[in-house]
file query_18.pdb (PDB, C-alpha atoms)
MODEL        1
ATOM      1  CA  ASP A   1       0.000   0.000   0.000
ATOM      2  CA  ALA A   2       1.416   3.368  -1.058
ATOM      3  CA  ILE A   3       0.359   4.965   2.225
ATOM      4  CA  ASP A   4       0.768   2.242   4.871
ATOM      5  CA  GLY A   5       4.122   1.201   3.454
ATOM      6  CA  ASN A   6       5.506   4.750   3.396
ATOM      7  CA  ASN A   7       7.901   5.178   6.323
ATOM      8  CA  THR A   8       8.199   8.943   5.804
ATOM      9  CA  LEU A   9       4.600   9.518   6.885
ATOM     10  CA  THR A  10       3.440   9.826  10.479
ATOM     11  CA  PRO A  11       0.396   7.827  11.640
ATOM     12  CA  GLU A  12      -1.616  11.057  11.607
ATOM     13  CA  GLN A  13      -0.550  11.819   8.038
ATOM     14  CA  LYS A  14      -1.406   8.305   6.927
ATOM     15  CA  ALA A  15      -4.915   8.713   8.336
ATOM     16  CA  THR A  16      -5.311  12.091   6.614
ATOM     17  CA  TYR A  17      -4.053  10.794   3.265
ATOM     18  CA  LYS A  18      -6.278   7.710   3.434
ATOM     19  CA  LYS A  19      -9.339   9.828   4.109
ATOM     20  CA  ALA A  20      -8.461  12.140   1.223
ATOM     21  CA  ALA A  21      -7.999   9.184  -1.124
ATOM     22  CA  TYR A  22     -11.320   7.715  -0.016
ATOM     23  CA  ASP A  23     -13.149  11.021  -0.401
ATOM     24  CA  ALA A  24     -11.647  11.513  -3.865
ATOM     25  CA  THR A  25     -12.680   8.093  -5.153
ATOM     26  CA  LYS A  26     -15.851   7.093  -3.304
ATOM     27  CA  ARG A  27     -18.135   8.612  -5.951
ATOM     28  CA  MET A  28     -16.181   7.407  -8.968
ATOM     29  CA  PRO A  29     -18.089   4.976 -11.192
ATOM     30  CA  PRO A  30     -16.535   1.623 -12.182
ATOM     31  CA  ALA A  31     -15.335   2.911 -15.565
ATOM     32  CA  ALA A  32     -13.372   5.721 -13.923
ATOM     33  CA  VAL A  33     -11.798   3.376 -11.375
ATOM     34  CA  ALA A  34     -10.924   0.891 -14.120
ATOM     35  CA  ALA A  35      -9.236   3.604 -16.181
ATOM     36  CA  ILE A  36      -7.149   4.697 -13.200
ATOM     37  CA  LYS A  37      -6.069   1.130 -12.451
ATOM     38  CA  LYS A  38      -5.128   0.613 -16.086
ATOM     39  CA  ASN A  39      -3.339   3.913 -16.615
ATOM     40  CA  MET A  40      -1.592   4.586 -13.300
ATOM     41  CA  LYS A  41       1.523   2.597 -12.506
ATOM     42  CA  ALA A  42       2.334   4.221  -9.168
ATOM     43  CA  VAL A  43       1.245   6.858  -6.686
ATOM     44  CA  ASN A  44       3.880   8.544  -4.535
ATOM     45  CA  PHE A  45       3.049  10.261  -1.251
ATOM     46  CA  SER A  46       5.337  12.806   0.394
ATOM     47  CA  PRO A  47       5.232  14.052   3.998
ATOM     48  CA  ASN A  48       4.942  17.684   2.909
ATOM     49  CA  LEU A  49       4.607  19.878  -0.143
ATOM     50  CA  GLU A  50       8.257  20.905  -0.245
ATOM     51  CA  ASN A  51       9.426  17.282  -0.288
ATOM     52  CA  MET A  52       6.896  16.394  -2.978
ATOM     53  CA  ARG A  53       8.079  19.188  -5.257
ATOM     54  CA  TYR A  54      11.724  18.258  -4.671
ATOM     55  CA  VAL A  55      11.097  14.592  -5.507
ATOM     56  CA  ILE A  56       9.199  15.519  -8.674
ATOM     57  CA  ALA A  57      11.915  17.964  -9.758
ATOM     58  CA  GLN A  58      14.612  15.315  -9.379
ATOM     59  CA  GLN A  59      12.626  12.738 -11.344
ATOM     60  CA  ILE A  60      11.804  15.169 -14.118
ATOM     61  CA  ALA A  61      15.463  16.161 -14.365
ATOM     62  CA  ASP A  62      16.434  12.495 -14.680
ATOM     63  CA  LEU A  63      13.832  11.953 -17.394
ATOM     64  CA  SER A  64      14.945  15.022 -19.306
ATOM     65  CA  VAL A  65      18.623  14.143 -19.184
ATOM     66  CA  SER A  66      17.848  10.600 -20.323
ATOM     67  CA  GLY A  67      16.230  12.088 -23.411
ATOM     68  CA  LYS A  68      12.648  11.039 -22.711
ATOM     69  CA  PRO A  69      10.381  13.771 -24.080
ATOM     70  CA  GLY A  70       6.821  14.628 -23.311
ATOM     71  CA  TRP A  71       6.823  14.434 -19.536
ATOM     72  CA  LEU A  72       5.133  17.817 -19.137
ATOM     73  CA  ASP A  73       4.027  20.377 -21.686
ATOM     74  CA  TRP A  74       5.810  23.248 -20.048
ATOM     75  CA  LEU A  75       9.398  21.915 -20.331
ATOM     76  CA  ASP A  76      10.250  23.684 -23.557
ATOM     77  CA  LYS A  77       8.387  26.791 -22.463
ATOM     78  CA  THR A  78      10.180  26.896 -19.119
ATOM     79  CA  LEU A  79      13.713  26.136 -20.233
ATOM     80  CA  ALA A  80      15.163  28.547 -22.742
ATOM     81  CA  GLY A  81      18.364  26.623 -23.434
ATOM     82  CA  GLY A  82      16.940  23.874 -25.636
ATOM     83  CA  GLU A  83      19.113  20.785 -25.908
ATOM     84  CA  VAL A  84      21.891  22.370 -23.866
ATOM     85  CA  ALA A  85      19.488  22.934 -20.985
ATOM     86  CA  ARG A  86      18.251  19.360 -21.260
ATOM     87  CA  ARG A  87      21.768  18.150 -20.509
ATOM     88  CA  GLU A  88      22.094  20.396 -17.470
ATOM     89  CA  ARG A  89      20.398  18.252 -14.868
ATOM     90  CA  SER A  90      20.739  20.635 -11.937
ATOM     91  CA  LYS A  91      19.296  23.509 -13.951
ATOM     92  CA  ILE A  92      16.327  21.401 -15.016
ATOM     93  CA  ALA A  93      15.644  20.363 -11.428
ATOM     94  CA  GLU A  94      15.949  23.958 -10.224
ATOM     95  CA  GLU A  95      13.691  25.355 -12.942
ATOM     96  CA  THR A  96      11.133  22.604 -12.407
ATOM     97  CA  GLU A  97      10.959  23.203  -8.677
ATOM     98  CA  LYS A  98      10.677  26.949  -9.264
ATOM     99  CA  TRP A  99       7.833  26.394 -11.749
ATOM    100  CA  MET A 100       5.951  24.263  -9.227
ATOM    101  CA  ASN A 101       6.453  26.833  -6.476
ATOM    102  CA  ASP A 102       5.400  29.731  -8.712
ATOM    103  CA  ASN A 103       2.314  27.839  -9.864
ATOM    104  CA  HIS A 104       1.447  26.455  -6.420
ATOM    105  CA  ALA A 105       1.487  22.859  -7.660
ATOM    106  CA  ALA A 106      -0.179  20.674  -5.033
ATOM    107  CA  GLY A 107       0.110  17.452  -7.014
ATOM    108  CA  VAL A 108       1.477  16.225 -10.343
ATOM    109  CA  TRP A 109       0.575  13.550 -12.873
ATOM    110  CA  LEU A 110       3.644  12.507 -14.888
ATOM    111  CA  SER A 111       2.189  11.175 -18.099
ATOM    112  CA  ASN A 112       5.175   9.347 -19.536
ATOM    113  CA  THR A 113       5.903   7.414 -16.326
ATOM    114  CA  GLN A 114       2.201   7.133 -15.441
ATOM    115  CA  GLU A 115       2.804   8.235 -11.848
ATOM    116  CA  ILE A 116       0.986  10.578  -9.511
ATOM    117  CA  PHE A 117       2.777  12.589  -6.828
ATOM    118  CA  LEU A 118       0.777  13.852  -3.839
ATOM    119  CA  ASP A 119       1.083  15.114  -0.307
ATOM    120  CA  GLY A 120      -1.562  15.974   2.237
ATOM    121  CA  GLY A 121      -2.908  18.986   0.412
ATOM    122  CA  ASN A 122      -0.845  21.636   2.241
ATOM    123  CA  GLY A 123      -3.851  23.192   3.923
ATOM    124  CA  THR A 124      -6.037  22.982   0.821
ATOM    125  CA  ASN A 125      -8.704  20.377   0.186
ATOM    126  CA  PRO A 126      -6.562  17.253  -0.283
ATOM    127  CA  ALA A 127      -9.449  15.201  -1.682
ATOM    128  CA  GLY A 128      -9.843  17.795  -4.407
ATOM    129  CA  VAL A 129      -6.146  17.633  -5.268
ATOM    130  CA  TYR A 130      -6.261  13.843  -5.351
ATOM    131  CA  ALA A 131      -9.391  13.818  -7.528
ATOM    132  CA  HIS A 132      -7.818  16.304  -9.960
ATOM    133  CA  GLU A 133      -4.666  14.223 -10.434
ATOM    134  CA  LEU A 134      -6.607  10.963 -10.675
ATOM    135  CA  THR A 135      -8.735  12.515 -13.404
ATOM    136  CA  HIS A 136      -5.516  13.211 -15.296
ATOM    137  CA  ALA A 137      -4.838   9.468 -15.036
ATOM    138  CA  ILE A 138      -8.289   8.762 -16.485
ATOM    139  CA  ASP A 139      -7.310  11.113 -19.322
ATOM    140  CA  LYS A 140      -3.997   9.364 -20.082
ATOM    141  CA  ASP A 141      -2.626  10.405 -23.475
ATOM    142  CA  ARG A 142      -5.391  13.014 -23.471
ATOM    143  CA  VAL A 143      -7.847  10.492 -24.792
ATOM    144  CA  HIS A 144     -10.667  12.714 -23.524
ATOM    145  CA  SER A 145      -9.299  16.249 -23.334
ATOM    146  CA  ASP A 146      -7.989  16.148 -26.927
ATOM    147  CA  SER A 147     -11.278  14.858 -28.318
ATOM    148  CA  PRO A 148     -13.390  17.172 -30.521
ATOM    149  CA  LYS A 149     -16.311  16.955 -28.115
ATOM    150  CA  TRP A 150     -14.236  18.051 -25.144
ATOM    151  CA  ALA A 151     -12.639  20.803 -27.239
ATOM    152  CA  ASP A 152     -16.147  22.171 -27.701
ATOM    153  CA  VAL A 153     -16.812  21.854 -23.958
ATOM    154  CA  PHE A 154     -13.665  23.826 -23.219
ATOM    155  CA  LYS A 155     -14.376  26.494 -25.832
ATOM    156  CA  THR A 156     -18.025  27.068 -25.002
ATOM    157  CA  GLU A 157     -18.359  26.236 -21.288
ATOM    158  CA  ILE A 158     -15.430  25.604 -18.968
ATOM    159  CA  GLY A 159     -12.856  27.821 -20.643
ATOM    160  CA  THR A 160     -15.033  30.884 -21.131
ATOM    161  CA  PRO A 161     -13.561  33.974 -19.437
ATOM    162  CA  ASP A 162     -16.892  35.184 -18.109
ATOM    163  CA  ALA A 163     -17.850  32.048 -16.151
ATOM    164  CA  PRO A 164     -15.087  29.449 -15.961
ATOM    165  CA  LEU A 165     -15.338  26.450 -13.663
ATOM    166  CA  THR A 166     -12.139  27.716 -12.002
ATOM    167  CA  ASP A 167      -9.361  30.001 -13.188
ATOM    168  CA  TYR A 168      -7.082  26.977 -13.553
ATOM    169  CA  ALA A 169      -9.712  25.089 -15.565
ATOM    170  CA  ALA A 170      -9.715  27.947 -18.063
ATOM    171  CA  THR A 171      -5.986  27.584 -18.813
ATOM    172  CA  SER A 172      -6.213  24.537 -21.106
ATOM    173  CA  ALA A 173      -8.452  21.703 -22.231
ATOM    174  CA  VAL A 174      -6.441  19.125 -20.304
ATOM    175  CA  GLU A 175      -6.707  21.078 -17.052
ATOM    176  CA  SER A 176     -10.384  21.774 -17.654
ATOM    177  CA  PHE A 177     -11.017  18.035 -17.849
ATOM    178  CA  ALA A 178      -9.116  17.363 -14.614
ATOM    179  CA  GLU A 179     -10.820  20.261 -12.839
ATOM    180  CA  PHE A 180     -14.252  19.105 -13.925
ATOM    181  CA  GLY A 181     -13.405  15.636 -12.633
ATOM    182  CA  ARG A 182     -12.347  17.170  -9.331
ATOM    183  CA  ALA A 183     -15.629  19.032  -9.078
ATOM    184  CA  VAL A 184     -17.727  16.007 -10.013
ATOM    185  CA  TYR A 185     -15.995  13.484  -7.776
ATOM    186  CA  THR A 186     -15.879  15.663  -4.673
ATOM    187  CA  SER A 187     -19.463  16.943  -4.900
ATOM    188  CA  ASP A 188     -22.620  15.545  -3.376
ATOM    189  CA  THR A 189     -25.756  14.973  -5.413
ATOM    190  CA  ALA A 190     -27.063  18.511  -4.975
ATOM    191  CA  LYS A 191     -23.795  20.086  -6.058
ATOM    192  CA  ARG A 192     -23.574  17.768  -9.054
ATOM    193  CA  ARG A 193     -27.009  18.980 -10.140
ATOM    194  CA  GLU A 194     -25.598  22.504 -10.115
ATOM    195  CA  LEU A 195     -22.694  21.332 -12.249
ATOM    196  CA  GLU A 196     -25.151  19.777 -14.709
ATOM    197  CA  ARG A 197     -27.052  23.044 -14.848
ATOM    198  CA  ASP A 198     -24.005  25.260 -15.278
ATOM    199  CA  PHE A 199     -21.935  22.957 -17.516
ATOM    200  CA  PRO A 200     -24.434  20.754 -19.392
ATOM    201  CA  LYS A 201     -22.060  19.763 -22.200
ATOM    202  CA  ALA A 202     -19.329  18.729 -19.776
ATOM    203  CA  ALA A 203     -21.803  16.719 -17.711
ATOM    204  CA  ARG A 204     -23.160  15.065 -20.856
ATOM    205  CA  TYR A 205     -19.645  14.129 -21.930
ATOM    206  CA  PHE A 206     -18.888  12.491 -18.592
ATOM    207  CA  LYS A 207     -22.182  10.591 -18.733
ATOM    208  CA  GLU A 208     -21.648   9.420 -22.319
ATOM    209  CA  ASN A 209     -18.231   8.055 -21.309
ATOM    210  CA  SER A 210     -19.491   6.385 -18.101
ATOM    211  CA  LEU A 211     -17.508   8.792 -15.918
ATOM    212  CA  TRP A 212     -20.482  10.361 -14.105
ATOM    213  CA  PRO A 213     -21.319   9.021 -10.638
ATOM    214  CA  SER A 214     -24.417   6.835 -10.493
TER     215      SER A 214
ENDMDL
END

call {"tool": "encode", "arguments": {"input": "query_18.pdb", "output": "structure tokens"}}
result
Amino acid sequence: DAIDGNNTLTPEQKATYKKAAYDATKRMPPAAVAAIKKNMKAVNFSPNLENMRYVIAQQIADLSVSGKPGWLDWLDKTLAGGEVARRERSKIAEETEKWMNDNHAAGVWLSNTQEIFLDGGNGTNPAGVYAHELTHAIDKDRVHSDSPKWADVFKTEIGTPDAPLTDYAATSAVESFAEFGRAVYTSDTAKRRELERDFPKAARYFKENSLWPS
């Protein structure tokens, strides 16, 4: 078990992380759970946010130096040195950690290693963070967020500047999908009805793909 077997976590942290994981997944339908089990190879829990970001930065630096592309979209945008920067492991780790700090990253899904990195939420709603990252796992290879139907959802509903789901959801189609999953999987029935009312196309998409809670 990723939590019970983690010797860096205190008993109190283990209880908190377990509750967050339960709250993030208890409403997920079988198809969502099956996709996560198929797509996610590992989940890594850290005792605090700083440690989580450090661990991610080191792994991303290793991946970059080994020449494995595609780990996160913002690599080429963040590092100005191109191939030279890719060979500078310490710079990559430093820039990655800075990016996560600047963007308040509370969790990360690494697509090319199929791993999720989490901590206890750092004072935020940890179940929401967990649900967001797990929805990225459901969306492995952007099978949903790159689809034409979801592109329309993003353009006409979630990504609209006047009434976005969240500011972060409005940044890209892939983040809009993960943010909608977070909202759906951490909401009770009444709140989900509000989501259906406010984002009917997004709700319809989740239902058509068996991702909506029963």

call {"tool": "resolve_selection", "arguments": {"input": "query_18.pdb", "expression": "the PyMOL selection byres ((chain A and resi 186) around 8)", "output": "ChimeraX atom specification"}}
result
/A:23-24,27,127-128,131,182-185,187-188

call {"tool": "closest_residue", "arguments": {"input": "query_18.pdb", "among": "A:Asp162, A:Glu194, A:Ser145, A:Pro29", "to": "Ser176 of chain A", "atoms": "all atoms listed in the file"}}
result
A:Ser145

call {"tool": "closest_residue", "arguments": {"input": "query_18.pdb", "among": "A:Asn48, A:Ile92, A:Ile36, A:Ser147", "to": "Trp109 of chain A", "atoms": "all atoms listed in the file"}}
result
A:Ile36

call {"tool": "residues_around", "arguments": {"input": "query_18.pdb", "residues": "Ile3 of chain A", "least_positions_apart": "2", "cutoff": "10 Å", "atoms": "all atoms listed in the file", "output": "list in words"}}
result
Asp1, Gly5, Asn6, Asn7, Thr8, Leu9, Pro11, Gln13, Lys14, Ala15, Tyr17, Lys18, Ala21, Val43, Asn44, Phe45 and Ser46 of chain A

call {"tool": "atom_distance", "arguments": {"input": "query_18.pdb", "atom1": "atom CA of Ala190 of chain A", "atom2": "atom CA of Ala105 of chain A"}}
result
29.0 Å

call {"tool": "residues_around", "arguments": {"input": "query_18.pdb", "residues": "Ala169 of chain A", "least_positions_apart": "3", "cutoff": "10 Å", "atoms": "all atoms listed in the file", "output": "list in words"}}
result
Phe154, Ile158, Gly159, Thr160, Pro164, Leu165, Thr166, Ser172, Ala173, Val174, Glu175, Ser176, Phe177, Ala178, Glu179 and Phe180 of chain A

call {"tool": "closest_residue", "arguments": {"input": "query_18.pdb", "among": "A:Arg142, A:Lys19, A:Lys98, A:Pro30", "to": "Pro213 of chain A", "atoms": "all atoms listed in the file"}}
result
A:Pro30

call {"tool": "atom_distance", "arguments": {"input": "query_18.pdb", "atom1": "atom CA of His132 of chain A", "atom2": "atom CA of Gln114 of chain A"}}
result
14.6 Å

call {"tool": "atom_distance", "arguments": {"input": "query_18.pdb", "atom1": "atom CA of Glu208 of chain A", "atom2": "atom CA of Ala32 of chain A"}}
result
12.4 Å

call {"tool": "closest_residue", "arguments": {"input": "query_18.pdb", "among": "A:Thr156, A:Thr10, A:Thr96, A:Ser111", "to": "His136 of chain A", "atoms": "all atoms listed in the file"}}
result
A:Ser111

call {"tool": "closest_residue", "arguments": {"input": "query_18.pdb", "among": "A:Ile56, A:Ala163, A:Leu63, A:Leu118", "to": "Leu134 of chain A", "atoms": "all atoms listed in the file"}}
result
A:Leu118

call {"tool": "closest_residue", "arguments": {"input": "query_18.pdb", "among": "A:Val143, A:Asn51, A:Ala31, A:Gly107", "to": "Asn125 of chain A", "atoms": "only C-alpha atoms"}}
result
A:Gly107

call {"tool": "residues_around", "arguments": {"input": "query_18.pdb", "residues": "Gln58 of chain A", "least_positions_apart": "3", "cutoff": "10 Å", "atoms": "all atoms listed in the file", "output": "ChimeraX atom specification"}}
result
/A:53-55,61-64,89-90,92-94,96-97

call {"tool": "resolve_selection", "arguments": {"input": "query_18.pdb", "expression": "the PyMOL selection byres ((chain A and resi 39) around 8)", "output": "count of residues only"}}
result
10

call {"tool": "residues_around", "arguments": {"input": "query_18.pdb", "residues": "His104 of chain A", "least_positions_apart": "2", "cutoff": "12 Å", "atoms": "all atoms listed in the file", "output": "PDB file with C-alpha atoms, keeping the file's coordinate frame"}}
result
ATOM      1  CA  LEU A  49       4.607  19.878  -0.143  1.00  0.00           C
ATOM      2  CA  GLU A  50       8.257  20.905  -0.245  1.00  0.00           C
ATOM      3  CA  MET A  52       6.896  16.394  -2.978  1.00  0.00           C
ATOM      4  CA  ARG A  53       8.079  19.188  -5.257  1.00  0.00           C
ATOM      5  CA  GLU A  97      10.959  23.203  -8.677  1.00  0.00           C
ATOM      6  CA  LYS A  98      10.677  26.949  -9.264  1.00  0.00           C
ATOM      7  CA  TRP A  99       7.833  26.394 -11.749  1.00  0.00           C
ATOM      8  CA  MET A 100       5.951  24.263  -9.227  1.00  0.00           C
ATOM      9  CA  ASN A 101       6.453  26.833  -6.476  1.00  0.00           C
ATOM     10  CA  ASP A 102       5.400  29.731  -8.712  1.00  0.00           C
ATOM     11  CA  ALA A 106      -0.179  20.674  -5.033  1.00  0.00           C
ATOM     12  CA  GLY A 107       0.110  17.452  -7.014  1.00  0.00           C
ATOM     13  CA  VAL A 108       1.477  16.225 -10.343  1.00  0.00           C
ATOM     14  CA  GLY A 121      -2.908  18.986   0.412  1.00  0.00           C
ATOM     15  CA  ASN A 122      -0.845  21.636   2.241  1.00  0.00           C
ATOM     16  CA  THR A 124      -6.037  22.982   0.821  1.00  0.00           C
ATOM     17  CA  VAL A 129      -6.146  17.633  -5.268  1.00  0.00           C
ATOM     18  CA  TYR A 168      -7.082  26.977 -13.553  1.00  0.00           C
TER      19      TYR A 168
END

call {"tool": "axis_aligned_box", "arguments": {"input": "query_18.pdb", "around": "segment 40-46 of chain A", "padding_each_side": "6 Å", "output": "AutoDock Vina command-line options"}}
result
--center_x 1.9 --center_y 7.7 --center_z -6.5 --size_x 18.9 --size_y 22.2 --size_z 25.7
